[in-house]
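Structure, as structure tokens:
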Amino acid sequence: MNNDVKSEVSQPQAPYYDEMFINMGPQHPSTHGVLRLVVKLAGETVLGVSPHMGYVHRSIEKMGETLSPMQFIHLTSRLDYLSAHMNNWAWAMLVEKALGIKPPERAEYLRVIMAELTRIASHQLWWGVFGMDLGAFTPFLYAFRDREKINDIFEKTCGSRLTMHYICPGGVFEEPDAEFESDVRSFIKYFAPVIDEYERLLSGNIIIQERTRGVGVLPADRAKAYGCTGPVLRASGVDYDLRKVQPYGVYNRFEFKTAVANEGDSWARYKVRLEEMRQSLEIIRQALDQMPKDGPVREKLPSVIKIPPGRYFARAEAARGEIAFFVVGDGKPVPWRLKIRSPNFSNLQAFPEIIRGWRVADIVTVLSTFDIVVPDIDR
Amino acid sequence: MALDVKSNEHIPEHRQASLEGGYFLTRFDWLLNWARSNSLWPLTFGTSCCAIEMMCTGASRHDWSRFGFEVARATPRQADMIVVAGTICYKLAPRLRRLYLQMPDPKWVIAMGACTVSGGPFYYDNYSVVKGVDKILPVDVYLPGCPPRPEGLLHALMLLQEKIKKEPGLFRKARPLPDFPFELPESDPSKDYTGR
Amino acid sequence: MKNTDKPRTDYAQASDLTSEAKQGAVELPKNDLQGNSLASAVLAILGPEAKLEAAGSEITFRVPATQLHDFCQRLKDAGWDFLVFVTAVDFPDQDAFELVYEISNYKDAQHFCLVTNIPRNEPVIRTVSDIWRTAEWHEREVYDLFGIRFDSHPDLRRILLDDTWKGYPLRKDYKDELHEMIRRPGS
């Protein structure tokens with residue numbers, strides 16, 4: 001047998017291995033949902049990956065042509081369900097642009113707080129599942145323990161833990177209860193040192209370091225060509241965060257840093273997400289301080305919302321990238337065409353190119369740092 | 001409120017315990033059912049949002065391994081039951097059916113979430129969602145909710161345990177599959193690879 | 001398998017567009033996205049064939065289908081490097097599909113869209129996946145759901161539906177007997 005195996009194999013040792021096709025089928029513990037990867041291997045080395053999706057294609061775009069805008073909110077939560085508030089926000093912004101409404105000030109701050117809490121919850125789940133994919137089960141339990149605290153806040157305010165429809169066109173649905181502010185403040189106080197605990201638990205581990213440093217490098221120009229957004233893009237060195245570049249809502253009133261790394265490997269994507277959690281805590285703290293203490297939270301809308309004829313577009317920064325809605329209205333109570341631009345669809349497209357030459361175990365690592373949610377790809 | 005299992009008291013013919021067997025077989029039945037119900041290993045099958053609540057049920061706060069569901073197997077050959085969590089689409093349905101057929105007897109199915117019970121929010125004007133997983137698999141427990149709380153899933157699991165304890169343990173017949181006219185085409189991964 | 005045939009240039013035009021094409025009469029400006037307002041900056045790149053439509057909140061430029069690829073190349077060279085999506089809208093009463101390309105950039109996130117009409121009974125258009133690589137999957141999705149073919153696309157096949165699916169679901173006249181498609185009562 002050939003004994004001089006290098007640690008980074010870019011050329012498979014072809015004379016010794018035939019090509020083989022393996023199906024990492026729709027039901028697989030590490031594909032983060034029902035994604036099918038047909039992998040072409042030479043021994044253990046990946047020669048190419050062909051993703052097949054559509055196993056959760058729920059035809060949400062077709063349903064959007066038969067539902068009114070207020071009814072459609074509950075379907076937007078189910079796209080990328082881990083950043084449900086941000087999806088709702090993008091849809092609310094679109095309807096507000098179409099009708100020419102501006103939501104009240106207090107509602108804007110509440111939207112920011114909810115969105116950033118969702119971002120933290122999404123990254124917590126990502127971190128737990130990332131550890132589990134790489135073989136460590138403990139981070140999963142830690143992450144869910146802390147995620148339950150955010151779920152408690154959501155449940156008290158929105159009534160639901162996962163698919164919330166709190167942000168609606170016109171503002172937010174209703175005033176949060178009296179303990180909302182103290183709950184969120186105590187969560188911020190609790191969670192800020194916990195991120196350091198996460199770092200101590202996982203980041204310095206030799207296995208994590210060996211498996212993520214230098215693995216699956218995504219260069220910046222390829223990331224831009226594939227239309228990647230979100231932490232995947234920012235870890236490749238491109239400073240593009242919609243909250244800073246084109247601030248929506250009241251994001252221009254907060255001071256926070258964009259988490260950017262330059263190497264573009266899995267380790268960079270890992271660090272970027274951890275840093276984003278810290279920055280989200282900062283944003284929430286500032287939002288709570290600046291929020292007006294009382295005021296309306298919902299603007300009155302006409303009872304039948306008709307999107308006027310024309311094209312409307314709205315985008316928001318979800319936890320995984322940029323989610324955007326595009327509507328062609330025609331003055332009827334339901335839109336003529338509704339298009340959802342999902343961040344994971346474009347992010348996953350970059351995956352087959354960067355995985356060539358790595359090993360089967362690295363497929364799991366890189367896919368985990370891409371952090372895809374498959375129902376968002378399939379819509 | 002205690003588990004109100006009286007309302008599920010109608011058990012179909014092929015499920016009813018037979019009284020032939022005498023005392024020792026009845027006690028053995030009881031032992032077998034007790035063992036089966038307290039160590040059900042689920043197959044990890046989460047499709048969409050309900051999968052996150054299933055993960056929450058398996059995680060720190062609501063822990064399902066207290067009930068015996070400790071080991072969630074990824075391969076159907078070693079699993080006892082499927083918790084179908086998430087929307088089932090026509091593209092996935094033949095593969096789910098094949099997974100169920102690959103599981104060894106005895107096996108059970110919990111339909112978690114509104115999408116698997118009846119199609120859920122995706123019932124009207126939808127061309128790609130199977131309206132209820134009981135068109136594909138024989139379901140034992142239906143759990144509505146969108147998504148159901150982890151406590152709801154635990155309730156469903158406990159109901160399944162109660163149901164298993166009422167079954168004929170030794171001479172258990174497998175449940176018939178519903179008629180689902182879509183065949184799974186024989187696929188060759190090398191033909192599905194395009195290099196892009 | 002790359003399709004190395006020359007792309008078609010004889011697309012049938014929808015009836016409400018002119019099909020004259022002026023050749024290269026516009027001087028391409030440098031990569032200047034500040035200063036001018038968005039619409040005039042883009043019109044300076046595209047030239048007079050692009051007609052500005054302002055219905056709705058999104059700045060839209062209608063371009064002829066034969067020149068779409070050329071215009072997209074000019075936009076990419078001028079710094080618009082983020083293709084947000086490619087999609088289609090079905091207008092059965094105008095007997096046309098309208099293709100929508102939403103274009104933005106990574107520097108200041110300004111956005112606009114290009115639309116073009118292609119006839120409904122023979123929907124073909126040149127791909128832009130050689131300009132923005134992300135268009136590959138977006139165009140596959142448009143093919144999958146609408147049936148619009150893209151010339152010179154490296155890998156045009158269904159992406160979200162089963163390979164054996166018959167029909168194109170997002171068309172307005174899609175009927176499905178095979179899978180239960182239950183209409184909402186009252187719609």
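Residue numbers start at 1 in each chain; chains themselves are named A, B, ... in the order of the structure tokens; ligands are numbered from 1 in the order shown.
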
Restrict the distance test to only C-alpha atoms, flag each residue of chain C within 7 Å of chain A, and return the flagged residues as a PDB file with all heavy atoms, in the first residue's frame.
ATOM      1  N   ALA C  55     -43.275  51.430 -12.175  1.00  0.00           N
ATOM      2  CA  ALA C  55     -44.449  50.988 -11.411  1.00  0.00           C
ATOM      3  C   ALA C  55     -43.977  50.146 -10.245  1.00  0.00           C
ATOM      4  O   ALA C  55     -43.182  49.241 -10.406  1.00  0.00           O
ATOM      5  CB  ALA C  55     -45.367  50.148 -12.304  1.00  0.00           C
ATOM      6  N   GLY C  56     -44.469  50.469  -9.054  1.00  0.00           N
ATOM      7  CA  GLY C  56     -43.977  49.715  -7.916  1.00  0.00           C
ATOM      8  C   GLY C  56     -42.771  50.393  -7.324  1.00  0.00           C
ATOM      9  O   GLY C  56     -42.364  51.475  -7.713  1.00  0.00           O
ATOM     10  N   SER C  57     -42.142  49.754  -6.388  1.00  0.00           N
ATOM     11  CA  SER C  57     -41.054  50.401  -5.679  1.00  0.00           C
ATOM     12  C   SER C  57     -39.709  50.021  -6.244  1.00  0.00           C
ATOM     13  O   SER C  57     -38.689  50.504  -5.794  1.00  0.00           O
ATOM     14  CB  SER C  57     -41.099  50.006  -4.209  1.00  0.00           C
ATOM     15  OG  SER C  57     -40.616  48.688  -4.085  1.00  0.00           O
ATOM     16  N   GLU C  58     -39.664  49.157  -7.213  1.00  0.00           N
ATOM     17  CA  GLU C  58     -38.389  48.635  -7.672  1.00  0.00           C
ATOM     18  C   GLU C  58     -38.076  49.253  -9.031  1.00  0.00           C
ATOM     19  O   GLU C  58     -38.898  49.223  -9.933  1.00  0.00           O
ATOM     20  CB  GLU C  58     -38.505  47.114  -7.788  1.00  0.00           C
ATOM     21  CG  GLU C  58     -37.287  46.407  -8.237  1.00  0.00           C
ATOM     22  CD  GLU C  58     -36.189  46.421  -7.208  1.00  0.00           C
ATOM     23  OE1 GLU C  58     -36.407  46.946  -6.116  1.00  0.00           O
ATOM     24  OE2 GLU C  58     -35.113  45.920  -7.510  1.00  0.00           O
ATOM     25  N   PHE C  82     -23.389  41.140  -8.160  1.00  0.00           N
ATOM     26  CA  PHE C  82     -24.224  40.289  -7.325  1.00  0.00           C
ATOM     27  C   PHE C  82     -25.546  40.081  -8.037  1.00  0.00           C
ATOM     28  O   PHE C  82     -26.349  41.011  -8.140  1.00  0.00           O
ATOM     29  CB  PHE C  82     -24.416  40.973  -5.965  1.00  0.00           C
ATOM     30  CG  PHE C  82     -25.218  40.211  -4.965  1.00  0.00           C
ATOM     31  CD1 PHE C  82     -25.420  38.856  -5.066  1.00  0.00           C
ATOM     32  CD2 PHE C  82     -25.755  40.857  -3.875  1.00  0.00           C
ATOM     33  CE1 PHE C  82     -26.144  38.154  -4.129  1.00  0.00           C
ATOM     34  CE2 PHE C  82     -26.485  40.170  -2.917  1.00  0.00           C
ATOM     35  CZ  PHE C  82     -26.680  38.829  -3.053  1.00  0.00           C
ATOM     36  N   LEU C  83     -25.752  38.888  -8.541  1.00  0.00           N
ATOM     37  CA  LEU C  83     -27.049  38.559  -9.122  1.00  0.00           C
ATOM     38  C   LEU C  83     -27.899  37.984  -8.012  1.00  0.00           C
ATOM     39  O   LEU C  83     -27.604  36.915  -7.483  1.00  0.00           O
ATOM     40  CB  LEU C  83     -26.880  37.546 -10.247  1.00  0.00           C
ATOM     41  CG  LEU C  83     -28.160  37.105 -10.934  1.00  0.00           C
ATOM     42  CD1 LEU C  83     -28.766  38.250 -11.678  1.00  0.00           C
ATOM     43  CD2 LEU C  83     -27.880  35.975 -11.895  1.00  0.00           C
ATOM     44  N   VAL C  84     -28.939  38.699  -7.631  1.00  0.00           N
ATOM     45  CA  VAL C  84     -29.707  38.274  -6.467  1.00  0.00           C
ATOM     46  C   VAL C  84     -30.577  37.079  -6.833  1.00  0.00           C
ATOM     47  O   VAL C  84     -30.600  36.075  -6.122  1.00  0.00           O
ATOM     48  CB  VAL C  84     -30.561  39.439  -5.927  1.00  0.00           C
ATOM     49  CG1 VAL C  84     -31.274  39.023  -4.675  1.00  0.00           C
ATOM     50  CG2 VAL C  84     -29.684  40.625  -5.627  1.00  0.00           C
ATOM     51  N   PHE C  85     -31.319  37.167  -7.935  1.00  0.00           N
ATOM     52  CA  PHE C  85     -32.047  35.989  -8.401  1.00  0.00           C
ATOM     53  C   PHE C  85     -32.407  36.143  -9.862  1.00  0.00           C
ATOM     54  O   PHE C  85     -32.289  37.221 -10.434  1.00  0.00           O
ATOM     55  CB  PHE C  85     -33.313  35.739  -7.575  1.00  0.00           C
ATOM     56  CG  PHE C  85     -34.316  36.865  -7.567  1.00  0.00           C
ATOM     57  CD1 PHE C  85     -35.145  37.101  -8.647  1.00  0.00           C
ATOM     58  CD2 PHE C  85     -34.440  37.672  -6.465  1.00  0.00           C
ATOM     59  CE1 PHE C  85     -36.059  38.122  -8.633  1.00  0.00           C
ATOM     60  CE2 PHE C  85     -35.352  38.697  -6.441  1.00  0.00           C
ATOM     61  CZ  PHE C  85     -36.165  38.931  -7.520  1.00  0.00           C
ATOM     62  N   VAL C  89     -42.155  35.384 -14.619  1.00  0.00           N
ATOM     63  CA  VAL C  89     -43.543  35.684 -14.286  1.00  0.00           C
ATOM     64  C   VAL C  89     -44.376  35.304 -15.496  1.00  0.00           C
ATOM     65  O   VAL C  89     -43.991  35.600 -16.623  1.00  0.00           O
ATOM     66  CB  VAL C  89     -43.731  37.192 -13.980  1.00  0.00           C
ATOM     67  CG1 VAL C  89     -45.103  37.435 -13.425  1.00  0.00           C
ATOM     68  CG2 VAL C  89     -42.683  37.676 -13.014  1.00  0.00           C
ATOM     69  N   TYR C 106     -21.905  44.272  -4.313  1.00  0.00           N
ATOM     70  CA  TYR C 106     -21.437  44.001  -2.970  1.00  0.00           C
ATOM     71  C   TYR C 106     -20.868  45.221  -2.283  1.00  0.00           C
ATOM     72  O   TYR C 106     -20.418  45.125  -1.164  1.00  0.00           O
ATOM     73  CB  TYR C 106     -20.383  42.897  -2.994  1.00  0.00           C
ATOM     74  CG  TYR C 106     -20.959  41.514  -3.124  1.00  0.00           C
ATOM     75  CD1 TYR C 106     -20.829  40.811  -4.301  1.00  0.00           C
ATOM     76  CD2 TYR C 106     -21.636  40.928  -2.078  1.00  0.00           C
ATOM     77  CE1 TYR C 106     -21.360  39.543  -4.422  1.00  0.00           C
ATOM     78  CE2 TYR C 106     -22.166  39.663  -2.197  1.00  0.00           C
ATOM     79  CZ  TYR C 106     -22.020  38.985  -3.373  1.00  0.00           C
ATOM     80  OH  TYR C 106     -22.542  37.727  -3.492  1.00  0.00           O
ATOM     81  N   ASP C 108     -22.360  48.745  -2.277  1.00  0.00           N
ATOM     82  CA  ASP C 108     -23.327  49.607  -1.614  1.00  0.00           C
ATOM     83  C   ASP C 108     -24.734  49.053  -1.678  1.00  0.00           C
ATOM     84  O   ASP C 108     -25.669  49.731  -1.318  1.00  0.00           O
ATOM     85  CB  ASP C 108     -23.285  51.025  -2.211  1.00  0.00           C
ATOM     86  CG  ASP C 108     -23.495  50.994  -3.699  1.00  0.00           C
ATOM     87  OD1 ASP C 108     -23.933  49.961  -4.214  1.00  0.00           O
ATOM     88  OD2 ASP C 108     -23.210  52.012  -4.351  1.00  0.00           O
ATOM     89  N   ALA C 109     -24.881  47.840  -2.167  1.00  0.00           N
ATOM     90  CA  ALA C 109     -26.146  47.102  -2.094  1.00  0.00           C
ATOM     91  C   ALA C 109     -27.297  47.813  -2.771  1.00  0.00           C
ATOM     92  O   ALA C 109     -28.436  47.609  -2.403  1.00  0.00           O
ATOM     93  CB  ALA C 109     -26.503  46.784  -0.637  1.00  0.00           C
ATOM     94  N   TRP C 132     -22.549  35.539 -14.318  1.00  0.00           N
ATOM     95  CA  TRP C 132     -22.635  35.319 -12.880  1.00  0.00           C
ATOM     96  C   TRP C 132     -22.865  33.834 -12.677  1.00  0.00           C
ATOM     97  O   TRP C 132     -23.877  33.302 -13.114  1.00  0.00           O
ATOM     98  CB  TRP C 132     -23.827  36.068 -12.283  1.00  0.00           C
ATOM     99  CG  TRP C 132     -23.773  37.542 -12.377  1.00  0.00           C
ATOM    100  CD1 TRP C 132     -22.967  38.379 -11.669  1.00  0.00           C
ATOM    101  CD2 TRP C 132     -24.597  38.372 -13.192  1.00  0.00           C
ATOM    102  NE1 TRP C 132     -23.237  39.673 -11.994  1.00  0.00           N
ATOM    103  CE2 TRP C 132     -24.235  39.689 -12.923  1.00  0.00           C
ATOM    104  CE3 TRP C 132     -25.606  38.123 -14.120  1.00  0.00           C
ATOM    105  CZ2 TRP C 132     -24.836  40.760 -13.555  1.00  0.00           C
ATOM    106  CZ3 TRP C 132     -26.207  39.193 -14.736  1.00  0.00           C
ATOM    107  CH2 TRP C 132     -25.807  40.498 -14.450  1.00  0.00           C
ATOM    108  N   ARG C 133     -21.957  33.182 -11.981  1.00  0.00           N
ATOM    109  CA  ARG C 133     -22.032  31.733 -11.848  1.00  0.00           C
ATOM    110  C   ARG C 133     -23.267  31.296 -11.084  1.00  0.00           C
ATOM    111  O   ARG C 133     -23.756  30.189 -11.234  1.00  0.00           O
ATOM    112  CB  ARG C 133     -20.770  31.259 -11.122  1.00  0.00           C
ATOM    113  CG  ARG C 133     -20.569  29.784 -11.057  1.00  0.00           C
ATOM    114  CD  ARG C 133     -20.214  29.199 -12.394  1.00  0.00           C
ATOM    115  NE  ARG C 133     -20.178  27.755 -12.309  1.00  0.00           N
ATOM    116  CZ  ARG C 133     -19.096  27.025 -12.127  1.00  0.00           C
ATOM    117  NH1 ARG C 133     -17.932  27.633 -12.035  1.00  0.00           N
ATOM    118  NH2 ARG C 133     -19.165  25.733 -12.045  1.00  0.00           N
ATOM    119  N   THR C 134     -23.795  32.201 -10.240  1.00  0.00           N
ATOM    120  CA  THR C 134     -24.947  31.811  -9.444  1.00  0.00           C
ATOM    121  C   THR C 134     -26.189  31.601 -10.291  1.00  0.00           C
ATOM    122  O   THR C 134     -27.138  30.968  -9.853  1.00  0.00           O
ATOM    123  CB  THR C 134     -25.208  32.882  -8.374  1.00  0.00           C
ATOM    124  OG1 THR C 134     -26.260  32.479  -7.562  1.00  0.00           O
ATOM    125  CG2 THR C 134     -25.546  34.196  -9.012  1.00  0.00           C
ATOM    126  N   ILE C 159     -34.411  20.679 -10.919  1.00  0.00           N
ATOM    127  CA  ILE C 159     -33.681  20.807  -9.654  1.00  0.00           C
ATOM    128  C   ILE C 159     -34.563  20.566  -8.451  1.00  0.00           C
ATOM    129  O   ILE C 159     -34.147  19.921  -7.504  1.00  0.00           O
ATOM    130  CB  ILE C 159     -32.997  22.195  -9.598  1.00  0.00           C
ATOM    131  CG1 ILE C 159     -32.107  22.316  -8.389  1.00  0.00           C
ATOM    132  CG2 ILE C 159     -33.993  23.316  -9.597  1.00  0.00           C
ATOM    133  CD1 ILE C 159     -31.237  23.549  -8.409  1.00  0.00           C
ATOM    134  N   LEU C 160     -35.792  21.041  -8.441  1.00  0.00           N
ATOM    135  CA  LEU C 160     -36.594  20.918  -7.234  1.00  0.00           C
ATOM    136  C   LEU C 160     -37.620  19.805  -7.325  1.00  0.00           C
ATOM    137  O   LEU C 160     -38.073  19.289  -6.333  1.00  0.00           O
ATOM    138  CB  LEU C 160     -37.322  22.231  -6.939  1.00  0.00           C
ATOM    139  CG  LEU C 160     -36.432  23.396  -6.556  1.00  0.00           C
ATOM    140  CD1 LEU C 160     -37.279  24.626  -6.337  1.00  0.00           C
ATOM    141  CD2 LEU C 160     -35.676  23.102  -5.297  1.00  0.00           C
ATOM    142  N   LEU C 161     -38.025  19.471  -8.532  1.00  0.00           N
ATOM    143  CA  LEU C 161     -39.022  18.421  -8.679  1.00  0.00           C
ATOM    144  C   LEU C 161     -38.332  17.163  -9.142  1.00  0.00           C
ATOM    145  O   LEU C 161     -37.201  17.183  -9.590  1.00  0.00           O
ATOM    146  CB  LEU C 161     -40.070  18.845  -9.705  1.00  0.00           C
ATOM    147  CG  LEU C 161     -40.845  20.100  -9.319  1.00  0.00           C
ATOM    148  CD1 LEU C 161     -41.692  20.543 -10.472  1.00  0.00           C
ATOM    149  CD2 LEU C 161     -41.704  19.835  -8.119  1.00  0.00           C
ATOM    150  N   LEU C 170     -45.443  26.202 -11.984  1.00  0.00           N
ATOM    151  CA  LEU C 170     -45.744  27.584 -11.664  1.00  0.00           C
ATOM    152  C   LEU C 170     -46.409  28.320 -12.806  1.00  0.00           C
ATOM    153  O   LEU C 170     -46.701  29.506 -12.698  1.00  0.00           O
ATOM    154  CB  LEU C 170     -44.463  28.313 -11.237  1.00  0.00           C
ATOM    155  CG  LEU C 170     -44.463  28.762  -9.767  1.00  0.00           C
ATOM    156  CD1 LEU C 170     -44.661  27.600  -8.852  1.00  0.00           C
ATOM    157  CD2 LEU C 170     -43.197  29.475  -9.439  1.00  0.00           C
TER     158      LEU C 170
END

Per-residue nearest contacts of chain B to chain C (7 Å; only C-alpha atoms) as a Markdown table:
| residue | atom | partner | partner_atom | distance |
| --- | --- | --- | --- | --- |
| B:Lys91 | CA | C:Asp162 | CA | 5.9 |
| B:Tyr124 | CA | C:Ile182 | CA | 5.2 |
| B:Asp125 | CA | C:Arg183 | CA | 5.1 |
| B:Asn126 | CA | C:Met181 | CA | 5.5 |
| B:Tyr127 | CA | C:Met181 | CA | 5.2 |

Neighbours of chain B in chain A at 7 Å, counting only C-alpha atoms, as a compact mmCIF listing (two decimals) with N, CA and C atoms, in the first residue's frame:
# COMPACT_ATOMS: atom_id res chain seq x y z
N PHE A 21 -19.05 5.79 -6.68
CA PHE A 21 -20.09 6.78 -6.41
C PHE A 21 -20.84 6.36 -5.16
N ILE A 22 -20.93 7.26 -4.24
CA ILE A 22 -21.61 6.98 -2.99
C ILE A 22 -22.75 7.98 -2.85
N ASN A 23 -23.84 7.49 -2.32
CA ASN A 23 -25.01 8.32 -2.13
C ASN A 23 -25.08 8.72 -0.65
N GLN A 27 -31.92 10.76 3.66
CA GLN A 27 -31.95 10.55 5.09
C GLN A 27 -30.55 10.24 5.55
N HIS A 28 -29.95 11.21 6.23
CA HIS A 28 -28.56 11.05 6.63
C HIS A 28 -28.39 11.89 7.88
N PRO A 29 -27.63 11.41 8.85
CA PRO A 29 -27.56 12.21 10.07
C PRO A 29 -26.81 13.51 9.92
N GLY A 33 -30.75 17.90 7.13
CA GLY A 33 -32.03 17.97 6.46
C GLY A 33 -32.00 17.02 5.29
N VAL A 34 -33.01 17.10 4.46
CA VAL A 34 -33.10 16.13 3.37
C VAL A 34 -32.39 16.68 2.15
N VAL A 38 -24.54 13.15 -4.12
CA VAL A 38 -23.92 12.02 -4.81
C VAL A 38 -22.44 12.35 -4.90
N GLY A 48 -15.67 14.87 -6.52
CA GLY A 48 -16.73 15.82 -6.84
C GLY A 48 -17.99 15.46 -6.10
N VAL A 49 -18.83 16.44 -5.93
CA VAL A 49 -20.08 16.25 -5.21
C VAL A 49 -21.19 16.83 -6.07
N SER A 50 -22.29 16.12 -6.16
CA SER A 50 -23.42 16.61 -6.93
C SER A 50 -24.62 16.68 -6.00
N TYR A 55 -36.40 17.62 -1.92
CA TYR A 55 -37.16 16.64 -1.17
C TYR A 55 -38.11 17.28 -0.17
N VAL A 56 -37.96 18.60 0.03
CA VAL A 56 -38.90 19.30 0.91
C VAL A 56 -39.50 20.48 0.16
N HIS A 57 -39.68 20.29 -1.15
CA HIS A 57 -40.19 21.41 -1.95
C HIS A 57 -41.67 21.55 -1.67
N ARG A 58 -42.02 22.58 -0.95
CA ARG A 58 -43.40 22.70 -0.50
C ARG A 58 -44.21 23.69 -1.30
N SER A 59 -43.70 24.09 -2.44
CA SER A 59 -44.42 24.96 -3.37
C SER A 59 -45.00 26.19 -2.68
N MET A 63 -48.25 28.77 -3.55
CA MET A 63 -49.27 29.08 -2.56
C MET A 63 -49.36 30.58 -2.33
N ARG A 78 -41.83 29.51 7.92
CA ARG A 78 -41.43 28.12 7.74
C ARG A 78 -40.40 27.93 6.65
N TYR A 81 -36.62 28.23 9.17
CA TYR A 81 -37.36 28.36 10.41
C TYR A 81 -36.48 28.78 11.57
N LEU A 141 -25.89 19.62 23.85
CA LEU A 141 -26.70 19.78 25.04
C LEU A 141 -26.54 21.18 25.62
N PHE A 144 -28.50 23.70 23.42
CA PHE A 144 -29.95 23.67 23.57
C PHE A 144 -30.38 24.16 24.94
N ARG A 145 -29.55 23.94 25.94
CA ARG A 145 -29.89 24.50 27.25
C ARG A 145 -30.02 26.01 27.17
N PRO A 352 -19.94 22.45 -4.06
CA PRO A 352 -19.23 21.42 -4.83
C PRO A 352 -17.85 21.85 -5.30
N PRO A 375 -35.08 23.20 4.01
CA PRO A 375 -36.37 23.74 3.56
C PRO A 375 -36.26 25.13 2.99

**Request:** Compile the contact shell of Ala107 (chain A) as a PyMOL selection string: residues with an atom at most 6 Å away, counting only C-alpha atoms, same-chain residues fewer than 6 positions apart removed.
**Result:** chain A and resi 171-172+297

Give me a file of those residues, with all heavy atoms, as an mmCIF file, in the first residue's frame.
data_model
loop_
_atom_site.group_PDB
_atom_site.id
_atom_site.type_symbol
_atom_site.label_atom_id
_atom_site.label_comp_id
_atom_site.auth_asym_id
_atom_site.auth_seq_id
_atom_site.Cartn_x
_atom_site.Cartn_y
_atom_site.Cartn_z
ATOM 1 N N GLY A 171 -45.929 46.745 11.820
ATOM 2 C CA GLY A 171 -45.248 46.812 13.106
ATOM 3 C C GLY A 171 -45.045 45.416 13.657
ATOM 4 O O GLY A 171 -44.580 44.530 12.962
ATOM 5 N N VAL A 172 -45.400 45.251 14.906
ATOM 6 C CA VAL A 172 -45.414 43.916 15.468
ATOM 7 C C VAL A 172 -46.841 43.650 15.915
ATOM 8 O O VAL A 172 -47.644 44.562 16.018
ATOM 9 C CB VAL A 172 -44.449 43.771 16.663
ATOM 10 C CG1 VAL A 172 -43.025 43.887 16.206
ATOM 11 C CG2 VAL A 172 -44.740 44.766 17.720
ATOM 12 N N VAL A 297 -47.551 49.978 18.819
ATOM 13 C CA VAL A 297 -46.649 49.024 18.197
ATOM 14 C C VAL A 297 -47.171 48.534 16.860
ATOM 15 O O VAL A 297 -46.550 47.710 16.228
ATOM 16 C CB VAL A 297 -46.394 47.797 19.092
ATOM 17 C CG1 VAL A 297 -45.603 48.187 20.286
ATOM 18 C CG2 VAL A 297 -47.660 47.120 19.467
#

**Message:** Among region 5-179 of chain C, which residues does DSSP mark as alpha helix (DSSP H) when it is run on the backbone? Keep the chain and numbering as in the structure and answer as a ChimeraX atom specification.
**Reply:** /C:38-46,68-77,135-146

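The residues of region 69-242 of chain A that DSSP classifies as strand (DSSP E), using the backbone of this structure, are A:Ile167, A:Cys168, A:Gly171, A:Val172.
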
**Message:** Could you list, as number ranges by chain, every residue within 7 Å of Asp376 (chain A), counting only C-alpha atoms and ignoring same-chain residues fewer than 6 positions away?
**Reply:** A: 79-80, 342, 344

Kindly export the residues of the current selection with C-alpha atoms, as a short mmCIF file (atom, residue, chain, number, x, y, z; two decimals), in the first residue's frame.
data_model
loop_
_atom_site.label_atom_id
_atom_site.label_comp_id
_atom_site.auth_asym_id
_atom_site.auth_seq_id
_atom_site.Cartn_x
_atom_site.Cartn_y
_atom_site.Cartn_z
CA LEU A 79 -38.82 28.87 5.11
CA ASP A 80 -35.67 29.15 7.16
CA SER A 342 -33.28 32.17 -0.22
CA ASN A 344 -29.02 28.86 1.42
#

**Message:** List as a PyMOL selection string the protein and nucleic acid residues near Asn38 (chain B), meaning an atom at most 12 Å away when only C-alpha atoms are counted, but skip any in the same chain fewer than 5 places from it.
**Reply:** chain B and resi 31-33+64-70+80+157-165

**Asked** What does the distance from CA of Val115 (chain C) to CA of Arg157 (chain C) come to in Å, to one decimal?
**Response** 23.2 Å

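Atom to atom, CA of Leu301 (chain A) and CA of Ile59 (chain C) stand 25.2 Å apart.
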
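Between CA of Gly25 (chain A) and CA of Ser187 (chain B) the separation is 11.5 Å.
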
All residues 9 Å or closer to Val71 (chain B), only C-alpha atoms, same chain fewer than 6 positions away omitted, as an mmCIF file with N, CA and C atoms, in the first residue's frame:
data_model
loop_
_atom_site.group_PDB
_atom_site.id
_atom_site.type_symbol
_atom_site.label_atom_id
_atom_site.label_comp_id
_atom_site.auth_asym_id
_atom_site.auth_seq_id
_atom_site.Cartn_x
_atom_site.Cartn_y
_atom_site.Cartn_z
ATOM 1 N N SER B 39 -37.852 0.615 25.498
ATOM 2 C CA SER B 39 -36.584 0.860 24.825
ATOM 3 C C SER B 39 -36.817 0.991 23.336
ATOM 4 N N LEU B 40 -37.642 1.944 22.976
ATOM 5 C CA LEU B 40 -37.899 2.198 21.565
ATOM 6 C C LEU B 40 -36.790 3.066 21.019
ATOM 7 N N TRP B 41 -36.139 2.632 19.972
ATOM 8 C CA TRP B 41 -35.086 3.442 19.392
ATOM 9 C C TRP B 41 -35.610 4.118 18.135
ATOM 10 N N PRO B 42 -35.622 5.443 18.130
ATOM 11 C CA PRO B 42 -36.174 6.095 16.945
ATOM 12 C C PRO B 42 -35.163 6.189 15.813
ATOM 13 N N LEU B 43 -35.706 6.232 14.610
ATOM 14 C CA LEU B 43 -34.878 6.514 13.445
ATOM 15 C C LEU B 43 -34.813 8.030 13.299
ATOM 16 N N SER B 65 -34.544 10.587 26.612
ATOM 17 C CA SER B 65 -33.879 9.340 26.965
ATOM 18 C C SER B 65 -34.308 8.860 28.351
ATOM 19 N N ALA B 79 -33.439 0.439 14.033
ATOM 20 C CA ALA B 79 -34.394 1.336 14.679
ATOM 21 C C ALA B 79 -35.702 0.591 14.903
#
